[in-house]
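Below: the structure, in structure tokens.
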Amino acid sequence: RGLGWHAALWLLAEMPAQQVLPNRVTFNAALSACQHGGQWAVALALFATTMPEVQVRPDIVTYSILMDVVSEFQGWPGALSLLGELRFAALRPDEKAFGSVLGACARTPFGGSSGGGGGGGSVSGGEAALA
């Protein structure tokens with residue numbers, strides 16, 4: 001897997017020093033880089049900690065990326081859990097969100113996790129509960 005996520009995190013951290021504030025677009029790009037680099041824990045930390053600290057509110061794109069990330073270590077149950085959380089974030093699922101969950105279903109056998117770090121946990125209120 002790629003190491004571009006390192007560069008993405010460095011750039012995200014460098015933005016304020018250049019008088020540029022991170023926003024949803026930049027966070028979504030960093031989350032995507034973490035996803036492609038297999039860094040699910042880093043992606044969840046960005047979502048659960050860093051985004052709220054800088055008062056960036058996630059959008060449907062953020063949640064769709066996160067559904068893909070979560071499905072890698074929790075399988076379809078984790079992605080489905082995030083889909084259910086959209087209503088608490090006052091967001092409406094779109095084709096990408098449903099596609100992320102459907103993709104997770106296709107990659108993960110029914111009743112099992114993908115084996116990447118513990119199944120059965122959930123992501124709620126922006127925090128990852130890995131069980």
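Lettering and numbering for the structure tokens are positional, with chains as A, B, ... in the shown order, residues counted from 1 in each chain, and ligands counted from 1 in the shown order.
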Shell around stretch 62-64 of chain A at 6 Å using only C-alpha atoms, local window under 3 positions removed, as a count of residues only: 5
DSSP alpha helix (DSSP H) residues within chain A, listed as a ChimeraX atom specification: /A:4-14,24-36,40-45,51-53,60-85,95-107
Considering only C-alpha atoms, return as an mmCIF file with N, CA and C atoms, in the first residue's frame whatever protein or nucleic-acid residues lie within 8 Å of A:Ala33, sequence-local ones (same chain, fewer than 2 positions apart) excluded.
```cif
data_model
loop_
_atom_site.group_PDB
_atom_site.id
_atom_site.type_symbol
_atom_site.label_atom_id
_atom_site.label_comp_id
_atom_site.auth_asym_id
_atom_site.auth_seq_id
_atom_site.Cartn_x
_atom_site.Cartn_y
_atom_site.Cartn_z
ATOM 1 N N GLY A 4 1.466 7.649 0.515
ATOM 2 C CA GLY A 4 0.967 8.997 0.285
ATOM 3 C C GLY A 4 0.227 9.567 1.477
ATOM 4 N N TRP A 5 -0.275 8.699 2.338
ATOM 5 C CA TRP A 5 -0.994 9.186 3.512
ATOM 6 C C TRP A 5 -0.078 9.999 4.422
ATOM 7 N N ALA A 8 -0.023 13.385 2.908
ATOM 8 C CA ALA A 8 -1.324 14.029 3.109
ATOM 9 C C ALA A 8 -1.453 14.584 4.524
ATOM 10 N N ALA A 29 -9.820 14.510 1.506
ATOM 11 C CA ALA A 29 -8.660 14.051 0.736
ATOM 12 C C ALA A 29 -7.685 13.298 1.640
ATOM 13 N N ALA A 30 -7.450 13.806 2.854
ATOM 14 C CA ALA A 30 -6.546 13.128 3.791
ATOM 15 C C ALA A 30 -7.132 11.788 4.229
ATOM 16 N N LEU A 31 -8.445 11.750 4.477
ATOM 17 C CA LEU A 31 -9.093 10.483 4.841
ATOM 18 C C LEU A 31 -8.960 9.464 3.717
ATOM 19 N N GLN A 35 -7.180 5.868 3.741
ATOM 20 C CA GLN A 35 -7.878 4.659 3.290
ATOM 21 C C GLN A 35 -7.008 3.885 2.313
ATOM 22 N N HIS A 36 -6.475 4.575 1.307
ATOM 23 C CA HIS A 36 -5.676 3.900 0.283
ATOM 24 C C HIS A 36 -4.338 3.410 0.829
ATOM 25 N N GLY A 37 -3.892 3.990 1.928
ATOM 26 C CA GLY A 37 -2.661 3.544 2.573
ATOM 27 C C GLY A 37 -2.895 2.478 3.634
#
```
Among the residues A:Ala106, A:Leu3, A:Ala89, A:Val69, the one that comes closest to A:Leu44 [using only C-alpha atoms]: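 Smallest separation from A:Leu44 among the options: A:Val69.
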Residues of chain A in strand (DSSP E or B), written as a ChimeraX atom specification: /A:122-124,127-129
Exercise: A:Leu80 partners within 9 Å, only C-alpha atoms, chain neighbours under 2 positions left out, as JSON, numbers by chain: {"A": [67, 71, 75, 76, 77, 78, 82, 83, 84, 85, 98, 101, 102, 104]}
Could the residues in this selection be saved with N, CA and C atoms as a PDB file, in the first residue's frame?
```
ATOM      1  N   MET A  67     -17.014   4.826   5.609  1.00  0.00           N
ATOM      2  CA  MET A  67     -17.652   3.515   5.437  1.00  0.00           C
ATOM      3  C   MET A  67     -16.702   2.553   4.742  1.00  0.00           C
ATOM      4  N   SER A  71     -15.138  -0.647   6.703  1.00  0.00           N
ATOM      5  CA  SER A  71     -15.437  -1.978   6.165  1.00  0.00           C
ATOM      6  C   SER A  71     -14.186  -2.833   6.030  1.00  0.00           C
ATOM      7  N   GLY A  75     -15.714  -5.082   8.378  1.00  0.00           N
ATOM      8  CA  GLY A  75     -16.586  -5.679   7.384  1.00  0.00           C
ATOM      9  C   GLY A  75     -17.854  -4.871   7.192  1.00  0.00           C
ATOM     10  N   TRP A  76     -18.855  -5.505   6.587  1.00  0.00           N
ATOM     11  CA  TRP A  76     -20.101  -4.805   6.296  1.00  0.00           C
ATOM     12  C   TRP A  76     -20.831  -4.324   7.537  1.00  0.00           C
ATOM     13  N   PRO A  77     -20.743  -5.008   8.712  1.00  0.00           N
ATOM     14  CA  PRO A  77     -21.468  -4.472   9.870  1.00  0.00           C
ATOM     15  C   PRO A  77     -21.008  -3.069  10.274  1.00  0.00           C
ATOM     16  N   GLY A  78     -19.712  -2.805  10.181  1.00  0.00           N
ATOM     17  CA  GLY A  78     -19.212  -1.477  10.526  1.00  0.00           C
ATOM     18  C   GLY A  78     -19.698  -0.421   9.556  1.00  0.00           C
ATOM     19  N   LEU A  82     -22.326   2.841  10.277  1.00  0.00           N
ATOM     20  CA  LEU A  82     -22.105   4.244   9.899  1.00  0.00           C
ATOM     21  C   LEU A  82     -23.245   4.773   9.035  1.00  0.00           C
ATOM     22  N   LEU A  83     -23.773   3.943   8.157  1.00  0.00           N
ATOM     23  CA  LEU A  83     -24.911   4.362   7.344  1.00  0.00           C
ATOM     24  C   LEU A  83     -26.071   4.759   8.257  1.00  0.00           C
ATOM     25  N   GLY A  84     -26.289   3.984   9.307  1.00  0.00           N
ATOM     26  CA  GLY A  84     -27.347   4.295  10.268  1.00  0.00           C
ATOM     27  C   GLY A  84     -27.091   5.569  11.043  1.00  0.00           C
ATOM     28  N   GLU A  85     -25.835   5.925  11.212  1.00  0.00           N
ATOM     29  CA  GLU A  85     -25.494   7.124  11.975  1.00  0.00           C
ATOM     30  C   GLU A  85     -25.682   8.414  11.199  1.00  0.00           C
ATOM     31  N   PHE A  98     -24.612   4.349  -0.068  1.00  0.00           N
ATOM     32  CA  PHE A  98     -25.156   3.007  -0.230  1.00  0.00           C
ATOM     33  C   PHE A  98     -24.177   2.107  -0.972  1.00  0.00           C
ATOM     34  N   VAL A 101     -21.525   0.714   1.384  1.00  0.00           N
ATOM     35  CA  VAL A 101     -22.023  -0.406   2.205  1.00  0.00           C
ATOM     36  C   VAL A 101     -22.213  -1.647   1.350  1.00  0.00           C
ATOM     37  N   LEU A 102     -22.776  -1.476   0.153  1.00  0.00           N
ATOM     38  CA  LEU A 102     -22.958  -2.625  -0.731  1.00  0.00           C
ATOM     39  C   LEU A 102     -21.619  -3.247  -1.121  1.00  0.00           C
ATOM     40  N   ALA A 104     -18.958  -3.209   0.726  1.00  0.00           N
ATOM     41  CA  ALA A 104     -18.501  -3.930   1.916  1.00  0.00           C
ATOM     42  C   ALA A 104     -19.194  -5.278   2.025  1.00  0.00           C
TER      43      ALA A 104
END
```
Two-atom distance - atom CA of A:Asn23, atom CA of A:Ala90 (Å):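 These two atoms are separated by 18.6 Å.
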One-decimal distance in Å that lies between atom CA of A:Arg24 and atom CA of A:Ile60: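 Distance between the two atoms: 10.3 Å.
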Which of A:Pro22, A:Ala79, A:Ser32, A:Glu95 sits closest to A:Thr50 [using only C-alpha atoms]: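 Checking each candidate against A:Thr50, we get A:Pro22 as the closest.
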Pick from A:Val20, A:Ala13, A:Val25, A:Cys34 nearest to A:Val56, counting only C-alpha atoms: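 Ranked by minimum distance to A:Val56, first place goes to A:Val25.
Distance check against A:Gly99 using only C-alpha atoms: of A:Leu11, A:Val42, A:Leu21, A:Ile65, the minimum falls on A:Ile65.
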